[in-house]
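> Let me give you the structure first, and then I'll get to my questions.
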Amino acid sequence: MTNYIFVDIDGPLLPAKLQLLHQNRKTGKENPPVFDQFAVLCFNLWAKYSDAQIVFSTNWALNYSVDGLKYIMDVNGLDFKYSSDCVTPKRFTSNRHIEIMDWLRHNSDEGDTFIVVDDDQDCRHIEEMLNDGQAGNEIKARGKWIDVDFTNGLSLQNFIDGVDA
C-alpha cells in the first residue's frame, strides 16, 4: 500500500497573494519562487506522517524538468520522497483530473490512497469518477481532492481535510 500526494504549485504552494512579494515577481530557473510557509509545513506533515510519495500535477511541469521542480521544492524546505513516475502526463488537450486519473490508472495498486491538493475545480470529478465506476476497474486507489483557494492558498481546514483523508 502506497500513499500519494498530488502537488499543484500555483494556488496551494504559491497562492496569488504571494505574488506581492518582490522575489516572486520574476521567478525562473535561477530565481525560484518563495512558497507560502504554512503550506510548506502542511505538505511536510502530510508527507512525513503518511509516508507519502509525491507526484507533481502542475502546469509548471510544462516549463521545468523533474529535477528543476525538485530543486524548487528543496529550496523552499519541502522534504519529499518522490514517486518513480513523479509527474502526471501532460497533454495540452486534457484537464487536470484526467491527467491524475491517467497517472493512477498506470501507477496505482489495490489499497493505495491519495490526496489531490489543487485549486483546479476540474479535480472535483475525481471522486465521483472513482465512486460511480467511470474509471472502470483499472484504478484501485482511493482518495480525495482538497479544494484550495487560489488567491489565499492552503487553509487550516484544507490541512485537516488532508489529514482525515
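Here, A, B, ... name the chains of the C-alpha cells in the order displayed, residue numbers run from 1 inside each chain, and ligands are numbered from 1 in the same displayed order.
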Near region 144-153 of chain A, within 9 Å and counting only C-alpha atoms, which residues show up once chain neighbours fewer than 6 positions away are dropped, as a list in words?

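Near neighbours after the sequence-gap exclusion: Asp10, Gly11, Pro12, Leu13, Leu14, Pro15, Ala16, Lys17, Leu18, Asp36, Ala39, Thr113, Phe114, Ile115, Val116, Val117, Asp118, Asp119, Asp120, Gln121, Cys123, Arg124, His125, Ile126, Glu127, Phe159, Asp161, Gly162 and Ala165 of chain A.
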
> Let's have the selection written as a CSV table (one decimal), in the first residue's frame, with C-alpha atoms.


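Final output, saved to again23.csv:
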chain,number,residue,atom,x,y,z
A,10,ASP,CA,0.0,27.7,-8.2
A,11,GLY,CA,-2.7,28.1,-5.5
A,12,PRO,CA,-1.7,25.5,-2.9
A,13,LEU,CA,2.1,26.4,-2.5
A,14,LEU,CA,2.2,29.7,-4.4
A,15,PRO,CA,-1.2,31.5,-3.8
A,16,ALA,CA,-1.9,34.7,-5.7
A,17,LYS,CA,-1.4,36.8,-2.6
A,18,LEU,CA,2.3,35.8,-2.6
A,36,ASP,CA,3.7,30.0,1.5
A,39,ALA,CA,1.6,25.4,3.0
A,113,THR,CA,-4.5,6.1,-1.2
A,114,PHE,CA,-4.1,9.7,-2.4
A,115,ILE,CA,-4.9,13.3,-1.9
A,116,VAL,CA,-5.0,15.8,-4.7
A,117,VAL,CA,-4.1,19.3,-3.3
A,118,ASP,CA,-5.2,21.6,-6.0
A,119,ASP,CA,-7.2,24.8,-6.8
A,120,ASP,CA,-8.3,23.4,-10.2
A,121,GLN,CA,-12.1,22.9,-10.0
A,123,CYS,CA,-10.5,17.9,-9.8
A,124,ARG,CA,-14.0,17.7,-8.2
A,125,HIS,CA,-14.7,15.0,-10.7
A,126,ILE,CA,-12.0,12.6,-9.4
A,127,GLU,CA,-14.0,11.2,-6.5
A,159,PHE,CA,-4.9,20.7,6.2
A,161,ASP,CA,-9.2,17.6,5.3
A,162,GLY,CA,-5.9,16.1,4.1
A,165,ALA,CA,-8.3,11.5,4.0

> Using only C-alpha atoms, which of the listed residues (A:Glu99, A:Ala47, A:Gln53, A:Val87) sits closest to Ser65 (chain A)?

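The shortest atom-to-atom distance to Ser65 (chain A) comes from A:Val87.
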
> Quick one: residues within 9 Å of Phe38 (chain A), only C-alpha atoms counted, chain neighbours fewer than 6 positions away excluded, as a PDB file with N, CA and C atoms, in the first residue's frame?


ATOM      1  N   LEU A  13       0.733  26.000  -3.057  1.00  0.00           N
ATOM      2  CA  LEU A  13       2.051  26.395  -2.544  1.00  0.00           C
ATOM      3  C   LEU A  13       2.389  27.852  -2.843  1.00  0.00           C
ATOM      4  N   LEU A 154      -3.553  27.488   0.865  1.00  0.00           N
ATOM      5  CA  LEU A 154      -3.945  26.406   1.757  1.00  0.00           C
ATOM      6  C   LEU A 154      -4.459  26.961   3.087  1.00  0.00           C
ATOM      7  N   SER A 155      -5.578  26.421   3.546  1.00  0.00           N
ATOM      8  CA  SER A 155      -6.170  26.847   4.811  1.00  0.00           C
ATOM      9  C   SER A 155      -5.989  25.760   5.871  1.00  0.00           C
ATOM     10  N   LEU A 156      -6.274  26.113   7.110  1.00  0.00           N
ATOM     11  CA  LEU A 156      -6.235  25.131   8.183  1.00  0.00           C
ATOM     12  C   LEU A 156      -7.242  24.019   7.902  1.00  0.00           C
TER      13      LEU A 156
END

> Counting only C-alpha atoms, figure out which residue out of A:Asn107, A:Asn131, A:Asn59, A:Gln157 gets nearest to Asp85 (chain A).

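With only C-alpha atoms as the atom set, the closest residue is A:Asn107.
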
> Report as JSON lines: every residue of region 3-23 of chain A with an atom at most 12 Å from region 71-81 of chain A, its closest pair of atoms, and their distance in Å to one decimal, counting only C-alpha atoms, with rows sorted by chain and ascending residue number.


{"residue": "A:Asn3", "atom": "CA", "partner": "A:Lys81", "partner_atom": "CA", "distance": 10.9}
{"residue": "A:Tyr4", "atom": "CA", "partner": "A:Lys81", "partner_atom": "CA", "distance": 9.9}
{"residue": "A:Ile5", "atom": "CA", "partner": "A:Phe80", "partner_atom": "CA", "distance": 10.0}
{"residue": "A:Phe6", "atom": "CA", "partner": "A:Phe80", "partner_atom": "CA", "distance": 11.8}
{"residue": "A:Val7", "atom": "CA", "partner": "A:Met73", "partner_atom": "CA", "distance": 10.5}
{"residue": "A:Asp8", "atom": "CA", "partner": "A:Met73", "partner_atom": "CA", "distance": 11.5}
{"residue": "A:Ile9", "atom": "CA", "partner": "A:Met73", "partner_atom": "CA", "distance": 9.6}
{"residue": "A:Leu13", "atom": "CA", "partner": "A:Met73", "partner_atom": "CA", "distance": 9.7}
{"residue": "A:Leu14", "atom": "CA", "partner": "A:Asn76", "partner_atom": "CA", "distance": 10.9}

> Output the selection as an mmCIF file, in the first residue's frame - C-alpha atoms for each residue.


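Generated output (again_11.cif):
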data_model
loop_
_atom_site.group_PDB
_atom_site.id
_atom_site.type_symbol
_atom_site.label_atom_id
_atom_site.label_comp_id
_atom_site.auth_asym_id
_atom_site.auth_seq_id
_atom_site.Cartn_x
_atom_site.Cartn_y
_atom_site.Cartn_z
ATOM 1 C CA ASN A 3 0.079 6.891 -0.165
ATOM 2 C CA TYR A 4 0.407 9.607 -2.779
ATOM 3 C CA ILE A 5 0.096 13.369 -2.668
ATOM 4 C CA PHE A 6 -0.588 15.088 -5.985
ATOM 5 C CA VAL A 7 1.020 18.518 -5.726
ATOM 6 C CA ASP A 8 -0.038 21.598 -7.641
ATOM 7 C CA ILE A 9 2.143 24.693 -7.247
ATOM 8 C CA LEU A 13 2.051 26.395 -2.544
ATOM 9 C CA LEU A 14 2.160 29.715 -4.357
#

> Write down as a PDB file with N, CA and C atoms, in the first residue's frame the residues of region 30-162 of chain A whose backbone DSSP state falls under helix (DSSP H, G or I).


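Written out: part32.pdb:
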ATOM      1  N   GLN A  37       4.751  29.621   3.662  1.00  0.00           N
ATOM      2  CA  GLN A  37       5.373  28.798   4.694  1.00  0.00           C
ATOM      3  C   GLN A  37       4.370  27.901   5.420  1.00  0.00           C
ATOM      4  N   PHE A  38       3.132  28.344   5.577  1.00  0.00           N
ATOM      5  CA  PHE A  38       2.112  27.482   6.173  1.00  0.00           C
ATOM      6  C   PHE A  38       1.870  26.264   5.279  1.00  0.00           C
ATOM      7  N   ALA A  39       1.799  26.487   3.970  1.00  0.00           N
ATOM      8  CA  ALA A  39       1.594  25.380   3.030  1.00  0.00           C
ATOM      9  C   ALA A  39       2.770  24.410   3.065  1.00  0.00           C
ATOM     10  N   VAL A  40       3.982  24.933   3.144  1.00  0.00           N
ATOM     11  CA  VAL A  40       5.172  24.077   3.223  1.00  0.00           C
ATOM     12  C   VAL A  40       5.075  23.186   4.456  1.00  0.00           C
ATOM     13  N   LEU A  41       4.712  23.765   5.590  1.00  0.00           N
ATOM     14  CA  LEU A  41       4.559  22.985   6.819  1.00  0.00           C
ATOM     15  C   LEU A  41       3.505  21.897   6.641  1.00  0.00           C
ATOM     16  N   CYS A  42       2.370  22.254   6.075  1.00  0.00           N
ATOM     17  CA  CYS A  42       1.284  21.279   5.874  1.00  0.00           C
ATOM     18  C   CYS A  42       1.721  20.127   4.974  1.00  0.00           C
ATOM     19  N   PHE A  43       2.326  20.446   3.844  1.00  0.00           N
ATOM     20  CA  PHE A  43       2.776  19.394   2.928  1.00  0.00           C
ATOM     21  C   PHE A  43       3.814  18.497   3.593  1.00  0.00           C
ATOM     22  N   ASN A  44       4.753  19.093   4.333  1.00  0.00           N
ATOM     23  CA  ASN A  44       5.765  18.287   5.008  1.00  0.00           C
ATOM     24  C   ASN A  44       5.137  17.359   6.042  1.00  0.00           C
ATOM     25  N   LEU A  45       4.148  17.840   6.777  1.00  0.00           N
ATOM     26  CA  LEU A  45       3.472  16.999   7.765  1.00  0.00           C
ATOM     27  C   LEU A  45       2.691  15.874   7.088  1.00  0.00           C
ATOM     28  N   TRP A  46       1.940  16.209   6.045  1.00  0.00           N
ATOM     29  CA  TRP A  46       1.201  15.168   5.309  1.00  0.00           C
ATOM     30  C   TRP A  46       2.165  14.092   4.811  1.00  0.00           C
ATOM     31  N   ALA A  47       3.232  14.532   4.166  1.00  0.00           N
ATOM     32  CA  ALA A  47       4.171  13.583   3.561  1.00  0.00           C
ATOM     33  C   ALA A  47       4.863  12.731   4.620  1.00  0.00           C
ATOM     34  N   LYS A  48       5.284  13.359   5.697  1.00  0.00           N
ATOM     35  CA  LYS A  48       6.010  12.629   6.730  1.00  0.00           C
ATOM     36  C   LYS A  48       5.129  11.606   7.426  1.00  0.00           C
ATOM     37  N   TYR A  49       3.976  12.021   7.908  1.00  0.00           N
ATOM     38  CA  TYR A  49       3.165  11.143   8.746  1.00  0.00           C
ATOM     39  C   TYR A  49       2.326  10.135   7.972  1.00  0.00           C
ATOM     40  N   SER A  50       2.200  10.330   6.675  1.00  0.00           N
ATOM     41  CA  SER A  50       1.514   9.317   5.866  1.00  0.00           C
ATOM     42  C   SER A  50       2.518   8.518   5.038  1.00  0.00           C
ATOM     43  N   ASN A  59       0.953  22.667 -13.929  1.00  0.00           N
ATOM     44  CA  ASN A  59       1.360  23.166 -15.242  1.00  0.00           C
ATOM     45  C   ASN A  59       2.824  23.591 -15.258  1.00  0.00           C
ATOM     46  N   TRP A  60       3.421  23.739 -14.095  1.00  0.00           N
ATOM     47  CA  TRP A  60       4.838  24.062 -14.036  1.00  0.00           C
ATOM     48  C   TRP A  60       5.676  22.965 -14.693  1.00  0.00           C
ATOM     49  N   ALA A  61       5.144  21.761 -14.783  1.00  0.00           N
ATOM     50  CA  ALA A  61       5.867  20.657 -15.417  1.00  0.00           C
ATOM     51  C   ALA A  61       6.033  20.880 -16.921  1.00  0.00           C
ATOM     52  N   LEU A  62       5.315  21.833 -17.475  1.00  0.00           N
ATOM     53  CA  LEU A  62       5.486  22.156 -18.890  1.00  0.00           C
ATOM     54  C   LEU A  62       6.735  22.995 -19.122  1.00  0.00           C
ATOM     55  N   VAL A  66      11.879  17.594 -14.252  1.00  0.00           N
ATOM     56  CA  VAL A  66      11.643  16.973 -12.947  1.00  0.00           C
ATOM     57  C   VAL A  66      12.683  17.460 -11.948  1.00  0.00           C
ATOM     58  N   ASP A  67      13.946  17.499 -12.357  1.00  0.00           N
ATOM     59  CA  ASP A  67      14.999  17.987 -11.461  1.00  0.00           C
ATOM     60  C   ASP A  67      14.774  19.447 -11.084  1.00  0.00           C
ATOM     61  N   GLY A  68      14.299  20.243 -12.021  1.00  0.00           N
ATOM     62  CA  GLY A  68      14.004  21.644 -11.734  1.00  0.00           C
ATOM     63  C   GLY A  68      12.879  21.797 -10.722  1.00  0.00           C
ATOM     64  N   LEU A  69      11.832  20.988 -10.866  1.00  0.00           N
ATOM     65  CA  LEU A  69      10.724  21.015  -9.908  1.00  0.00           C
ATOM     66  C   LEU A  69      11.188  20.571  -8.526  1.00  0.00           C
ATOM     67  N   LYS A  70      11.985  19.514  -8.483  1.00  0.00           N
ATOM     68  CA  LYS A  70      12.504  19.031  -7.196  1.00  0.00           C
ATOM     69  C   LYS A  70      13.388  20.088  -6.537  1.00  0.00           C
ATOM     70  N   TYR A  71      14.175  20.781  -7.338  1.00  0.00           N
ATOM     71  CA  TYR A  71      15.028  21.848  -6.815  1.00  0.00           C
ATOM     72  C   TYR A  71      14.188  22.945  -6.167  1.00  0.00           C
ATOM     73  N   ILE A  72      13.114  23.357  -6.828  1.00  0.00           N
ATOM     74  CA  ILE A  72      12.231  24.394  -6.280  1.00  0.00           C
ATOM     75  C   ILE A  72      11.622  23.931  -4.956  1.00  0.00           C
ATOM     76  N   MET A  73      11.244  22.661  -4.889  1.00  0.00           N
ATOM     77  CA  MET A  73      10.692  22.125  -3.636  1.00  0.00           C
ATOM     78  C   MET A  73      11.751  22.165  -2.538  1.00  0.00           C
ATOM     79  N   ASP A  74      12.941  21.720  -2.875  1.00  0.00           N
ATOM     80  CA  ASP A  74      14.034  21.651  -1.906  1.00  0.00           C
ATOM     81  C   ASP A  74      14.405  23.038  -1.382  1.00  0.00           C
ATOM     82  N   VAL A  75      14.535  24.010  -2.273  1.00  0.00           N
ATOM     83  CA  VAL A  75      14.881  25.379  -1.881  1.00  0.00           C
ATOM     84  C   VAL A  75      13.838  25.943  -0.910  1.00  0.00           C
ATOM     85  N   ARG A  96      -6.872  18.615 -15.696  1.00  0.00           N
ATOM     86  CA  ARG A  96      -6.055  18.113 -14.590  1.00  0.00           C
ATOM     87  C   ARG A  96      -6.577  16.788 -14.053  1.00  0.00           C
ATOM     88  N   HIS A  97      -7.884  16.681 -13.868  1.00  0.00           N
ATOM     89  CA  HIS A  97      -8.411  15.436 -13.297  1.00  0.00           C
ATOM     90  C   HIS A  97      -8.186  14.242 -14.224  1.00  0.00           C
ATOM     91  N   ILE A  98      -8.185  14.469 -15.523  1.00  0.00           N
ATOM     92  CA  ILE A  98      -7.918  13.389 -16.480  1.00  0.00           C
ATOM     93  C   ILE A  98      -6.454  12.963 -16.385  1.00  0.00           C
ATOM     94  N   GLU A  99      -5.547  13.937 -16.243  1.00  0.00           N
ATOM     95  CA  GLU A  99      -4.131  13.624 -16.099  1.00  0.00           C
ATOM     96  C   GLU A  99      -3.886  12.787 -14.842  1.00  0.00           C
ATOM     97  N   ILE A 100      -4.547  13.155 -13.747  1.00  0.00           N
ATOM     98  CA  ILE A 100      -4.382  12.419 -12.489  1.00  0.00           C
ATOM     99  C   ILE A 100      -4.965  11.015 -12.617  1.00  0.00           C
ATOM    100  N   MET A 101      -6.142  10.913 -13.204  1.00  0.00           N
ATOM    101  CA  MET A 101      -6.762   9.597 -13.385  1.00  0.00           C
ATOM    102  C   MET A 101      -5.889   8.716 -14.276  1.00  0.00           C
ATOM    103  N   ASP A 102      -5.303   9.292 -15.305  1.00  0.00           N
ATOM    104  CA  ASP A 102      -4.420   8.539 -16.190  1.00  0.00           C
ATOM    105  C   ASP A 102      -3.187   8.053 -15.417  1.00  0.00           C
ATOM    106  N   TRP A 103      -2.620   8.923 -14.597  1.00  0.00           N
ATOM    107  CA  TRP A 103      -1.464   8.527 -13.795  1.00  0.00           C
ATOM    108  C   TRP A 103      -1.848   7.383 -12.856  1.00  0.00           C
ATOM    109  N   LEU A 104      -2.985   7.508 -12.172  1.00  0.00           N
ATOM    110  CA  LEU A 104      -3.440   6.459 -11.254  1.00  0.00           C
ATOM    111  C   LEU A 104      -3.670   5.133 -11.995  1.00  0.00           C
ATOM    112  N   ARG A 105      -4.233   5.221 -13.178  1.00  0.00           N
ATOM    113  CA  ARG A 105      -4.505   4.023 -13.978  1.00  0.00           C
ATOM    114  C   ARG A 105      -3.228   3.239 -14.243  1.00  0.00           C
ATOM    115  N   HIS A 106      -2.129   3.941 -14.448  1.00  0.00           N
ATOM    116  CA  HIS A 106      -0.867   3.289 -14.809  1.00  0.00           C
ATOM    117  C   HIS A 106       0.080   3.043 -13.636  1.00  0.00           C
ATOM    118  N   ASN A 107      -0.189   3.649 -12.486  1.00  0.00           N
ATOM    119  CA  ASN A 107       0.793   3.584 -11.406  1.00  0.00           C
ATOM    120  C   ASN A 107       0.269   3.139 -10.049  1.00  0.00           C
ATOM    121  N   GLN A 121     -10.750  23.393 -10.277  1.00  0.00           N
ATOM    122  CA  GLN A 121     -12.098  22.898  -9.995  1.00  0.00           C
ATOM    123  C   GLN A 121     -12.448  21.628 -10.765  1.00  0.00           C
ATOM    124  N   ASP A 122     -11.744  21.325 -11.825  1.00  0.00           N
ATOM    125  CA  ASP A 122     -11.986  20.069 -12.539  1.00  0.00           C
ATOM    126  C   ASP A 122     -11.679  18.849 -11.670  1.00  0.00           C
ATOM    127  N   CYS A 123     -10.866  19.042 -10.650  1.00  0.00           N
ATOM    128  CA  CYS A 123     -10.498  17.924  -9.773  1.00  0.00           C
ATOM    129  C   CYS A 123     -11.690  17.407  -8.966  1.00  0.00           C
ATOM    130  N   ARG A 124     -12.760  18.174  -8.905  1.00  0.00           N
ATOM    131  CA  ARG A 124     -13.955  17.712  -8.177  1.00  0.00           C
ATOM    132  C   ARG A 124     -14.526  16.438  -8.805  1.00  0.00           C
ATOM    133  N   HIS A 125     -14.178  16.166 -10.046  1.00  0.00           N
ATOM    134  CA  HIS A 125     -14.693  14.988 -10.750  1.00  0.00           C
ATOM    135  C   HIS A 125     -13.983  13.688 -10.355  1.00  0.00           C
ATOM    136  N   ILE A 126     -12.837  13.787  -9.716  1.00  0.00           N
ATOM    137  CA  ILE A 126     -12.042  12.593  -9.419  1.00  0.00           C
ATOM    138  C   ILE A 126     -12.811  11.613  -8.546  1.00  0.00           C
ATOM    139  N   GLU A 127     -13.317  12.081  -7.418  1.00  0.00           N
ATOM    140  CA  GLU A 127     -14.019  11.172  -6.501  1.00  0.00           C
ATOM    141  C   GLU A 127     -15.259  10.566  -7.145  1.00  0.00           C
ATOM    142  N   GLU A 128     -16.022  11.383  -7.865  1.00  0.00           N
ATOM    143  CA  GLU A 128     -17.230  10.831  -8.490  1.00  0.00           C
ATOM    144  C   GLU A 128     -16.884   9.822  -9.569  1.00  0.00           C
ATOM    145  N   MET A 129     -15.789  10.042 -10.300  1.00  0.00           N
ATOM    146  CA  MET A 129     -15.380   9.077 -11.321  1.00  0.00           C
ATOM    147  C   MET A 129     -14.966   7.751 -10.679  1.00  0.00           C
ATOM    148  N   LEU A 130     -14.303   7.823  -9.538  1.00  0.00           N
ATOM    149  CA  LEU A 130     -13.896   6.609  -8.838  1.00  0.00           C
ATOM    150  C   LEU A 130     -15.097   5.905  -8.215  1.00  0.00           C
ATOM    151  N   ASN A 131     -16.022   6.679  -7.648  1.00  0.00           N
ATOM    152  CA  ASN A 131     -17.143   6.105  -6.911  1.00  0.00           C
ATOM    153  C   ASN A 131     -18.251   5.551  -7.799  1.00  0.00           C
ATOM    154  N   LEU A 156      -6.274  26.113   7.110  1.00  0.00           N
ATOM    155  CA  LEU A 156      -6.235  25.131   8.183  1.00  0.00           C
ATOM    156  C   LEU A 156      -7.242  24.019   7.902  1.00  0.00           C
ATOM    157  N   GLN A 157      -8.414  24.371   7.394  1.00  0.00           N
ATOM    158  CA  GLN A 157      -9.411  23.349   7.068  1.00  0.00           C
ATOM    159  C   GLN A 157      -8.914  22.418   5.965  1.00  0.00           C
ATOM    160  N   ASN A 158      -8.198  22.968   4.963  1.00  0.00           N
ATOM    161  CA  ASN A 158      -7.595  22.109   3.933  1.00  0.00           C
ATOM    162  C   ASN A 158      -6.642  21.106   4.563  1.00  0.00           C
ATOM    163  N   PHE A 159      -5.825  21.581   5.502  1.00  0.00           N
ATOM    164  CA  PHE A 159      -4.888  20.685   6.173  1.00  0.00           C
ATOM    165  C   PHE A 159      -5.632  19.569   6.905  1.00  0.00           C
ATOM    166  N   ILE A 160      -6.650  19.941   7.660  1.00  0.00           N
ATOM    167  CA  ILE A 160      -7.440  18.960   8.400  1.00  0.00           C
ATOM    168  C   ILE A 160      -8.089  17.957   7.441  1.00  0.00           C
ATOM    169  N   ASP A 161      -8.620  18.448   6.328  1.00  0.00           N
ATOM    170  CA  ASP A 161      -9.238  17.559   5.333  1.00  0.00           C
ATOM    171  C   ASP A 161      -8.216  16.562   4.797  1.00  0.00           C
ATOM    172  N   GLY A 162      -6.988  17.010   4.584  1.00  0.00           N
ATOM    173  CA  GLY A 162      -5.934  16.130   4.108  1.00  0.00           C
ATOM    174  C   GLY A 162      -5.536  15.080   5.146  1.00  0.00           C
TER     175      GLY A 162
END

> For CA of Ser83 (chain A) and CA of Asn31 (chain A), quote the distance in Å rounded to one decimal.

25.6 Å
